[in-house]
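Some notes on the structure that comes next.
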Amino acid sequence: MSKVRSYAWLAWRAVVPHPLRALRRRGTGEERFLANYAAERLAPTSLDARAVAEAASACISCGLCESGCALRSAIPAVRSLGLHAAFRLHAKSDEMRAHGADALAACASCTGCEPLCPTGVPITRLVRLLAAR
Amino acid sequence: MAVPVRDRAYDVVVLGGGVNGAGVARDCAMRGLSVLLLEKQDLACGASGASSGMIHGGIRYMTSDRRVTEQASRDAGYIRHIAPHLTFRIPFLLPFATHEEGSRLLDRVTWYATEVYVGTYDLFQPLKGGKPSTRLSAEELYRVEPSLRPGLHGAVTLDEWGIDGQRLCVLNALSAAEHGAEVRTWTEATTLVREGGRVVAVRFRDAVTGEHGEARAGVVVNATGGWSPRFGRANGIQVPMRPGKGVHLSLDRRHGNYGIICTAVDGRQMFLMPHEMESIIGTTDDDFFGDPDDLDATADEVEYLIDGAASLVPSVRDARITRAWWGVRTTLFEYGVEEDDLSRDHRIYDHAGEGSAGLLSFVGGKLASFRAQSEELTDRVVAMLGRAVLPCRTHEVPLPGGDEVPSPRELAARHGVPEAVAARIVFRHGSLAREVLRIADDDPRMKLVVCRDEGILAAEVAWIARHEKVRRLQDLRRRCRLALGGCGGLDCARPAAQIAARELGWDADRLRAELSDLLEVGWRERRPVLDGWQLAEEELLRAVHRGLGGL
Amino acid sequence: MPGLRIECDVLVVGGGMAGATAALAAREGGARVVLASKAPGSTGLSGGAVSVAQDPACMPDTPFAARSGVVESARRIAATRPGHPYRLLRDRLDRLWNAIEFATGQLSAVLAPPTGRNRWILTPFGHAHPAATCHRTMAAGDLAEVRGTLLVCGFEGHLGWDPGLVASGAERVRSLGGPASRHVLLDMFRWEDGALGRPFDLARMLEAPGAAEEAGRVLRRVLARGDAAAVLPPVLGIDPEGRVADRIAAEAGIPVAEFLSDLPSVPGLRLHRAVEARLAAAGVEVLRGEVRAGAGPDLPATVGGREVVARSWVLASGRFVGGGIERRGELREGILGLPVLASEGPFADPSIRFATRPPASLTLRDSRAPQPLLAAGLRVDDALHPLDAEGRVLHPRVFAAGAVVGGHDPASDGTGMGVAMFTGWLAGRSAAGRDA
């Protein structure tokens, strides 16, 4: 198929089928876009959520926060993840956050972790924000 | 462990364990041929392991031949069918930008043309289970992606599939092995043996054991990718190729759910996109004349990519970049053409005219079309062998684990592991996640978490070491992304090495050597982007591994 | 309104080993000292070794007994490493030992006394690490002192440490005068909480009443004739008062020690707490928080809601982990805006401005080599005053100590704690107006 025929085909689509399809469609572009991806939890990310992600990026995986975590009620498997999984694994994506909802909700906001973080990750606030979403 | 292969004969010897090598090994094995696959490093160490990680439907070919687009989209659909657990949606935004205030008529015409073009691609989306495109106004665009810089005029959206390209290679190789192929990694094909104008055997050397061997072959398939020119020179054949270096950057986490298509400073199209647990900025394309074993990302390439992404998403400059990675594209040779304008088509060279009958070389192509490319190669191999074989079924038989995608919640409850970890195991192993977790059932100590960036358990490391052709610790980078996250291996390298050592019988010296190798490889990737928190991480990494570990 | 504004003689920024040593050294002379600490840094993440210097000139097969002592090793480093702080301070290296003794003496609750020779302590990676001293809970595992077989232990129930790997570190130095070794798994931590416990959890479990004694009984059951000492994973309690290692040893009838720790580090936390306790006991006023709006001596600086005016400042804010130096596009010192000039290797040349160079040009491909970027910091004179690009002292009463001082990559040269203690001691005394 030559290039000329391809371009001719595209030009025809620009004039006839594409506008026709647009006329028949329901809903705005935004509505259709969001509906396309709702089932897979691929939703828009607010600037606040981006700020949370950026704050979580300060974690250097040292594990000191765990020594200050008063949490005793989590099951051993979740304790094995360690507290900083909250802003590593669980904070990586909306899907991971949904999977970690129980672990995130178990935080008692005792803030025992916060003064121990060398890079100043706002741990308690982050965990609360992630759990709330 | 390995059966001595001296003087063994195979129908096909495949050189190269990238996606084409593994794909053709699978197809040949499934059709009933005896196959030996030789890969001089680990599976997916070349372009297949450094791709952008997407299987797309060839949208750019609608201007030259829409049958190629149709075929590419259909084949992407096949990949989705045989490995559904490895694929994930990435919605892309193609924002409309101008350099000055307001827009001219020409801009609006261009935007409409883009909308039509992408809208036409919707015709092919059903072939791969893709979603239709939409057009967003400026207000809608900023609601959907608030991090974009002001002054944009709207966008067209486009649906593509992301994939773990390295696991795709690995699963193809494992499937080939399941069908009787012999897969040897860290084994380099050194010379071709000829008799009367035919290639009849391949000599090889195992880099780990030092063992030499020779395998007789009915047909030899050269799928060595970026190493083809070098292999060709060493063996007296011509493999015309224009190797192209491509660099990507990884950010430590997803920042949004949509990919953004940006324009770099030189007008090239590039992207910033979420990809599984991280974000990726890509890519460059420059002629490469050097040694594919000896590449680094330059400061210019790094800055080029950040600059391009920041042109639409300024906050990317504050994000944590964890590493830079690179590969060499095996682009078809053409003289006098700019890199981006080179064809992404593929070609199969028959070297009969060069006194090497029975040798085929594969050049070019795309990750997304690997299965069709492998089918075409296998058809050629079968024709050369002149044998009747089973029909090709690579499009319908699932890859290992691809037959069912279990529910992470159910697995987490049944096996007593965190749900997020179960989800990652399902992503990597599909239905085989149950087998992986059975290891933890039998030995509860194996529920120890090894990696908190990728959600890896000791049980998974053991499974991978037992079943996924692991010979070196760095192979785990490609099997389960060990030490690839921001932590650089700080809390996962030693525990994983200990598990692998138990499974593979490494003594302490070998364990330390493997750890050292893993860290060295990671350093090469982290070095060009050390900044901000990643630099603090590096300080800790060095204190632990060099200072304390003496590695 | 009482106490919102503090006037003091010395403000120390940073509560790690360097800052604490400086504060305690200044306090010893009776100065009023305020220390600003935002969070633990590399000291709180350390593995338990106090590394000062190892002889750069000795061959790998030189026996322990023939190796230079700590101070002599430091002299040799001073002679061979142009950018290193030991070189800069070579005329005062005769005071290095005073500094080490001072700092370890202040922290004698946790640290074993230094002997002048390096101790050799095992690490989880199967390596023997030389250090001027270590935690008290580790001293019995000094490979240069064990006479008999060293029993290297892991836990049956927990995959976190591989005693065979650890013991290989001892095997490798046997010909240097180290002991014979064997390894064993202790039947401990086999229930679910134990198998999946993080190091801090295991340490707390061992602090529980009777737990250490039970561990001692388990250990005694596996002892063989000839075993002279046992080393265990580094989880032998967080609080030194708990005396977990001693209690295990008493029950088992054999000296018991920990090996060094990677991360998460129980010894690191232990040391951090000991430092905090000592500062409080010595009457150093510790303010929690970052130093904001700080301009220097005699000017008010805001720390944790209080205003501090100090006659002298000691900047001991650490490097990248501690946050004293950061790189966001370019290298910066964040509190006083001092120029980051110093490094080691080819960048020790003061005419090279490397603060803006890209990371690839400040690092070397060989990851084992000392890395200029990881050695970045302030350039100082031999009185530890930070200098500008022309070599001029920026302020006569500002001093720098520890990792914020450039010229050493601790991961490559094993001098991190030594530099921290030495520069901290000198800077603290100078800031308090005492001669050094």
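Residues are referred to by chain and number: the chain letter is A, B, ... according to the order shown in the structure tokens, the number counts from 1 in that chain, and ligands are numbered separately from 1 in the order shown.
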
Give me the chain B side of the contact with chain C, cut-off 6 Å, one line per residue showing its nearest atom pair and distance in Å at one decimal, counting only C-alpha atoms, sorted by chain and residue number, as a tab-separated table.
```
residue	atom	partner	partner_atom	distance
B:Arg445	CA	C:Ala195	CA	5.3
B:Leu448	CA	C:Leu196	CA	5.4
B:Ala508	CA	C:Leu165	CA	5.2
B:Arg527	CA	C:Ala360	CA	6.0
B:Pro528	CA	C:Ala360	CA	4.7
B:Leu530	CA	C:Pro359	CA	5.8
B:Asp531	CA	C:Arg327	CA	5.4
B:Gly532	CA	C:Arg328	CA	5.2
B:Ala536	CA	C:Phe320	CA	4.6
B:Arg542	CA	C:Ala411	CA	5.5
B:Ala543	CA	C:Ala411	CA	4.6
B:Val544	CA	C:Asp262	CA	5.9
B:Arg546	CA	C:Ala411	CA	5.7
B:Gly547	CA	C:Ala411	CA	4.3
B:Gly549	CA	C:Phe125	CA	5.1
```

Closest atom pairs, chain B residues within 6 Å of chain A, only C-alpha atoms, as a tab-separated table:
```
residue	atom	partner	partner_atom	distance
B:Thr63	CA	A:Ser6	CA	5.3
B:Ser64	CA	A:Lys3	CA	4.9
B:Asp65	CA	A:Met1	CA	5.5
B:Val116	CA	A:Ala14	CA	5.6
B:Thr134	CA	A:Gly29	CA	5.2
B:Arg135	CA	A:Gly29	CA	5.2
B:Leu136	CA	A:Gly29	CA	5.3
B:Glu140	CA	A:Glu30	CA	5.9
B:Val144	CA	A:Pro44	CA	5.1
B:Arg253	CA	A:Lys92	CA	5.1
B:Arg254	CA	A:Lys92	CA	5.8
B:His255	CA	A:Arg50	CA	6.0
B:Gly256	CA	A:Thr45	CA	5.4
B:Asn257	CA	A:Leu42	CA	5.5
B:Met277	CA	A:Lys92	CA	5.6
B:Val417	CA	A:Ala77	CA	5.5
B:Pro418	CA	A:Val78	CA	5.7
B:Glu419	CA	A:His99	CA	5.4
B:Ala420	CA	A:His99	CA	5.0
B:Val449	CA	A:Leu81	CA	5.8
B:Arg452	CA	A:Leu89	CA	5.6
B:Asp453	CA	A:Leu89	CA	5.0
B:Trp533	CA	A:Ala58	CA	5.7
B:Glu537	CA	A:Ile60	CA	5.3
```

### Task
Choose the residue, out of C:Arg81, C:Arg311, C:Arg270, C:Arg225, that has the smallest atom-to-atom separation from chain A; count only C-alpha atoms.
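Once distances to chain A are computed over only C-alpha atoms, the minimum belongs to C:Arg270.
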
Considering only C-alpha atoms, return as a compact mmCIF listing (two decimals) with N, CA and C atoms, in the first residue's frame whatever protein or nucleic-acid residues lie within 8 Å of Ile281 (chain B), sequence-local ones (same chain, fewer than 2 positions apart) excluded.
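The file below, part16.txt, is the result:
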```txt
# COMPACT_ATOMS: atom_id res chain seq x y z
N HIS B 248 16.97 5.19 29.07
CA HIS B 248 15.76 5.53 29.84
C HIS B 248 16.18 5.90 31.25
N LEU B 249 15.30 6.64 31.94
CA LEU B 249 15.48 6.92 33.36
C LEU B 249 14.31 6.32 34.12
N SER B 250 14.57 5.83 35.32
CA SER B 250 13.49 5.36 36.19
C SER B 250 13.33 6.29 37.37
N LEU B 251 12.08 6.59 37.71
CA LEU B 251 11.77 7.33 38.93
C LEU B 251 11.30 6.32 39.96
N MET B 270 9.01 11.97 23.01
CA MET B 270 9.43 11.12 24.11
C MET B 270 8.28 11.04 25.11
N PHE B 271 8.51 10.35 26.21
CA PHE B 271 7.38 10.13 27.12
C PHE B 271 7.85 10.11 28.57
N LEU B 272 6.88 10.39 29.44
CA LEU B 272 7.04 10.20 30.88
C LEU B 272 5.83 9.38 31.28
N MET B 273 6.05 8.18 31.78
CA MET B 273 4.89 7.33 32.02
C MET B 273 5.03 6.51 33.29
N SER B 279 8.17 4.99 37.54
CA SER B 279 7.87 5.82 36.37
C SER B 279 9.09 5.80 35.48
N THR B 283 12.74 8.23 25.34
CA THR B 283 14.01 7.57 25.28
C THR B 283 14.87 8.29 24.24
N LEU B 305 16.76 13.87 28.78
CA LEU B 305 15.51 13.20 29.12
C LEU B 305 14.75 13.98 30.21
N ILE B 306 15.47 14.43 31.23
CA ILE B 306 14.79 15.17 32.29
C ILE B 306 14.21 16.46 31.72
N ALA B 309 11.04 15.78 29.68
CA ALA B 309 9.87 15.48 30.52
C ALA B 309 9.43 16.73 31.28
```

### Query
If you run DSSP on the backbone, which residues of region 83-128 of chain A are helix (DSSP H, G or I), as a ChimeraX atom specification?
/A:83-86,89-91,94-99,101-105,114-116,123-128

Just write the chosen residues, N, CA and C atoms, as a PDB file, in the first residue's frame.
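Contents of the output file out.pdb:
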```pdb
ATOM      1  N   LEU A  83       7.394  -1.173  58.911  1.00  0.00           N
ATOM      2  CA  LEU A  83       6.626   0.059  58.795  1.00  0.00           C
ATOM      3  C   LEU A  83       6.920   0.796  57.502  1.00  0.00           C
ATOM      4  N   HIS A  84       8.179   0.826  57.089  1.00  0.00           N
ATOM      5  CA  HIS A  84       8.438   1.662  55.931  1.00  0.00           C
ATOM      6  C   HIS A  84       7.909   1.076  54.627  1.00  0.00           C
ATOM      7  N   ALA A  85       7.269  -0.098  54.686  1.00  0.00           N
ATOM      8  CA  ALA A  85       6.526  -0.559  53.516  1.00  0.00           C
ATOM      9  C   ALA A  85       5.362   0.381  53.234  1.00  0.00           C
ATOM     10  N   ALA A  86       4.935   1.094  54.256  1.00  0.00           N
ATOM     11  CA  ALA A  86       3.814   2.010  54.053  1.00  0.00           C
ATOM     12  C   ALA A  86       4.155   3.061  53.010  1.00  0.00           C
ATOM     13  N   LEU A  89       6.360   0.039  49.321  1.00  0.00           N
ATOM     14  CA  LEU A  89       5.452  -0.808  48.539  1.00  0.00           C
ATOM     15  C   LEU A  89       4.033  -0.250  48.467  1.00  0.00           C
ATOM     16  N   HIS A  90       3.469   0.100  49.595  1.00  0.00           N
ATOM     17  CA  HIS A  90       2.060   0.497  49.599  1.00  0.00           C
ATOM     18  C   HIS A  90       1.836   1.858  48.965  1.00  0.00           C
ATOM     19  N   ALA A  91       2.856   2.681  48.911  1.00  0.00           N
ATOM     20  CA  ALA A  91       2.666   4.022  48.357  1.00  0.00           C
ATOM     21  C   ALA A  91       3.043   4.096  46.888  1.00  0.00           C
ATOM     22  N   ASP A  94      -1.885   3.344  43.259  1.00  0.00           N
ATOM     23  CA  ASP A  94      -3.228   3.269  43.849  1.00  0.00           C
ATOM     24  C   ASP A  94      -3.609   1.815  44.121  1.00  0.00           C
ATOM     25  N   GLU A  95      -3.192   0.931  43.226  1.00  0.00           N
ATOM     26  CA  GLU A  95      -3.543  -0.485  43.407  1.00  0.00           C
ATOM     27  C   GLU A  95      -2.879  -1.042  44.666  1.00  0.00           C
ATOM     28  N   MET A  96      -1.596  -0.735  44.838  1.00  0.00           N
ATOM     29  CA  MET A  96      -0.878  -1.228  46.017  1.00  0.00           C
ATOM     30  C   MET A  96      -1.468  -0.645  47.288  1.00  0.00           C
ATOM     31  N   ARG A  97      -1.876   0.603  47.205  1.00  0.00           N
ATOM     32  CA  ARG A  97      -2.455   1.232  48.384  1.00  0.00           C
ATOM     33  C   ARG A  97      -3.751   0.531  48.768  1.00  0.00           C
ATOM     34  N   ALA A  98      -4.532   0.177  47.763  1.00  0.00           N
ATOM     35  CA  ALA A  98      -5.780  -0.541  48.043  1.00  0.00           C
ATOM     36  C   ALA A  98      -5.477  -1.885  48.691  1.00  0.00           C
ATOM     37  N   HIS A  99      -4.449  -2.566  48.210  1.00  0.00           N
ATOM     38  CA  HIS A  99      -4.091  -3.861  48.794  1.00  0.00           C
ATOM     39  C   HIS A  99      -3.585  -3.705  50.217  1.00  0.00           C
ATOM     40  N   ALA A 101      -4.579  -1.494  52.420  1.00  0.00           N
ATOM     41  CA  ALA A 101      -5.477  -0.655  53.218  1.00  0.00           C
ATOM     42  C   ALA A 101      -5.531  -1.086  54.681  1.00  0.00           C
ATOM     43  N   ASP A 102      -5.618  -2.378  54.916  1.00  0.00           N
ATOM     44  CA  ASP A 102      -5.708  -2.846  56.306  1.00  0.00           C
ATOM     45  C   ASP A 102      -4.451  -2.501  57.084  1.00  0.00           C
ATOM     46  N   ALA A 103      -3.299  -2.760  56.463  1.00  0.00           N
ATOM     47  CA  ALA A 103      -2.042  -2.467  57.157  1.00  0.00           C
ATOM     48  C   ALA A 103      -1.932  -0.979  57.443  1.00  0.00           C
ATOM     49  N   LEU A 104      -2.313  -0.142  56.478  1.00  0.00           N
ATOM     50  CA  LEU A 104      -2.224   1.305  56.685  1.00  0.00           C
ATOM     51  C   LEU A 104      -3.186   1.758  57.767  1.00  0.00           C
ATOM     52  N   ALA A 105      -4.365   1.150  57.800  1.00  0.00           N
ATOM     53  CA  ALA A 105      -5.365   1.573  58.774  1.00  0.00           C
ATOM     54  C   ALA A 105      -4.988   1.190  60.195  1.00  0.00           C
ATOM     55  N   GLU A 114       8.236   9.100  63.891  1.00  0.00           N
ATOM     56  CA  GLU A 114       8.596  10.347  63.210  1.00  0.00           C
ATOM     57  C   GLU A 114       9.953  10.939  63.588  1.00  0.00           C
ATOM     58  N   PRO A 115      10.278  11.077  64.891  1.00  0.00           N
ATOM     59  CA  PRO A 115      11.559  11.716  65.223  1.00  0.00           C
ATOM     60  C   PRO A 115      12.773  10.876  64.848  1.00  0.00           C
ATOM     61  N   LEU A 116      12.545   9.645  64.407  1.00  0.00           N
ATOM     62  CA  LEU A 116      13.674   8.774  64.120  1.00  0.00           C
ATOM     63  C   LEU A 116      14.104   8.801  62.657  1.00  0.00           C
ATOM     64  N   ILE A 123       6.068  10.651  58.373  1.00  0.00           N
ATOM     65  CA  ILE A 123       5.512   9.308  58.357  1.00  0.00           C
ATOM     66  C   ILE A 123       4.051   9.261  58.777  1.00  0.00           C
ATOM     67  N   THR A 124       3.754   9.823  59.944  1.00  0.00           N
ATOM     68  CA  THR A 124       2.384   9.703  60.456  1.00  0.00           C
ATOM     69  C   THR A 124       1.398  10.355  59.506  1.00  0.00           C
ATOM     70  N   ARG A 125       1.750  11.522  59.033  1.00  0.00           N
ATOM     71  CA  ARG A 125       0.841  12.224  58.123  1.00  0.00           C
ATOM     72  C   ARG A 125       0.660  11.423  56.838  1.00  0.00           C
ATOM     73  N   LEU A 126       1.746  10.862  56.325  1.00  0.00           N
ATOM     74  CA  LEU A 126       1.679  10.078  55.095  1.00  0.00           C
ATOM     75  C   LEU A 126       0.782   8.857  55.259  1.00  0.00           C
ATOM     76  N   VAL A 127       1.005   8.132  56.339  1.00  0.00           N
ATOM     77  CA  VAL A 127       0.231   6.909  56.533  1.00  0.00           C
ATOM     78  C   VAL A 127      -1.251   7.255  56.661  1.00  0.00           C
ATOM     79  N   ARG A 128      -1.524   8.355  57.366  1.00  0.00           N
ATOM     80  CA  ARG A 128      -2.921   8.750  57.523  1.00  0.00           C
ATOM     81  C   ARG A 128      -3.528   9.145  56.180  1.00  0.00           C
TER      82      ARG A 128
END
```

### Task
Run DSSP on the backbone and grab whatever in region 347-481 of chain B lands in strand (DSSP E or B); send it over as a list in words.
Arg347, Ile348, Tyr349, Asp350, Ala357, Leu359, Leu360, Ser361, Phe362, Val363, Gly364, Val449, Val450, Cys451, Ile456 and Leu457 of chain B

### Message
So that I can see what lies close to region 90-96 of chain C, please list as a PyMOL selection string the residues with an atom at most 10 Å from it, counting only C-alpha atoms and leaving out residues fewer than 5 positions away in the same chain.
### Response
chain C and resi 52+70-72+74-79+84-85+101-102+382-383+418-419+421-423+425-426+436

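Near Leu71 (chain A), within 10 Å and counting only C-alpha atoms, sit Glu66, Gly68, Ala74, Arg79, Leu83, Ala106, Cys107, Ala108, Ser109, Cys110 and Gly112 of chain A; same-chain residues fewer than 3 positions away were not included.
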
What would the file look like if the residues just selected were written as a PDB file, in the first residue's frame with N, CA and C atoms?
```
ATOM      1  N   GLU A  66      10.975   1.654  62.327  1.00  0.00           N
ATOM      2  CA  GLU A  66      10.341   0.467  62.895  1.00  0.00           C
ATOM      3  C   GLU A  66      10.607   0.343  64.381  1.00  0.00           C
ATOM      4  N   GLY A  68      10.551   2.587  66.472  1.00  0.00           N
ATOM      5  CA  GLY A  68       9.675   3.458  67.231  1.00  0.00           C
ATOM      6  C   GLY A  68       8.206   3.142  67.055  1.00  0.00           C
ATOM      7  N   ALA A  74      -0.536  -5.876  64.322  1.00  0.00           N
ATOM      8  CA  ALA A  74      -0.479  -6.414  62.968  1.00  0.00           C
ATOM      9  C   ALA A  74      -0.035  -7.872  62.994  1.00  0.00           C
ATOM     10  N   ARG A  79       4.007  -7.449  59.825  1.00  0.00           N
ATOM     11  CA  ARG A  79       5.156  -6.901  60.558  1.00  0.00           C
ATOM     12  C   ARG A  79       6.448  -7.173  59.802  1.00  0.00           C
ATOM     13  N   LEU A  83       7.394  -1.173  58.911  1.00  0.00           N
ATOM     14  CA  LEU A  83       6.626   0.059  58.795  1.00  0.00           C
ATOM     15  C   LEU A  83       6.920   0.796  57.502  1.00  0.00           C
ATOM     16  N   ALA A 106      -4.063   0.243  60.332  1.00  0.00           N
ATOM     17  CA  ALA A 106      -3.702  -0.207  61.674  1.00  0.00           C
ATOM     18  C   ALA A 106      -2.845   0.804  62.421  1.00  0.00           C
ATOM     19  N   CYS A 107      -2.367   1.844  61.722  1.00  0.00           N
ATOM     20  CA  CYS A 107      -1.524   2.831  62.387  1.00  0.00           C
ATOM     21  C   CYS A 107      -2.307   3.587  63.443  1.00  0.00           C
ATOM     22  N   ALA A 108      -1.716   3.702  64.644  1.00  0.00           N
ATOM     23  CA  ALA A 108      -2.418   4.361  65.741  1.00  0.00           C
ATOM     24  C   ALA A 108      -2.003   5.811  65.889  1.00  0.00           C
ATOM     25  N   SER A 109      -1.220   6.314  64.953  1.00  0.00           N
ATOM     26  CA  SER A 109      -0.759   7.700  64.997  1.00  0.00           C
ATOM     27  C   SER A 109      -0.026   8.039  66.284  1.00  0.00           C
ATOM     28  N   CYS A 110       0.731   7.113  66.804  1.00  0.00           N
ATOM     29  CA  CYS A 110       1.442   7.388  68.056  1.00  0.00           C
ATOM     30  C   CYS A 110       2.631   8.307  67.834  1.00  0.00           C
ATOM     31  N   GLY A 112       5.601   7.719  67.238  1.00  0.00           N
ATOM     32  CA  GLY A 112       6.885   7.269  67.764  1.00  0.00           C
ATOM     33  C   GLY A 112       7.938   7.137  66.679  1.00  0.00           C
TER      34      GLY A 112
END
```

### Message
One number please: CA of Val284 (chain C) to CA of Ala431 (chain C), in Å, one decimal.
### Response
14.4 Å

### Message
Using only C-alpha atoms, can you tell me which of B:Tyr78, B:Phe362, B:Phe231, B:Trp523 comes closest to Thr322 (chain B)?
### Response
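Under the stated criterion, the closest residue is B:Trp523.
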
### Query
Using only C-alpha atoms, which residue out of C:Gly154, C:Gly424, C:Gly237, C:Gly294 lies closest to chain A?
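Smallest distance to chain A is found for C:Gly237.
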
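One finds CA of Gly355 (chain B) at 22.3 Å from CA of Glu188 (chain B).
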
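With only C-alpha atoms as the atoms that count, the residue of B:Asp252, B:Glu301, B:Glu375, B:Asp159 with the shortest distance to Gly488 (chain B) is B:Asp252.
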
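CA of Arg278 (chain C) lies 21.8 Å from CA of Ala245 (chain C).
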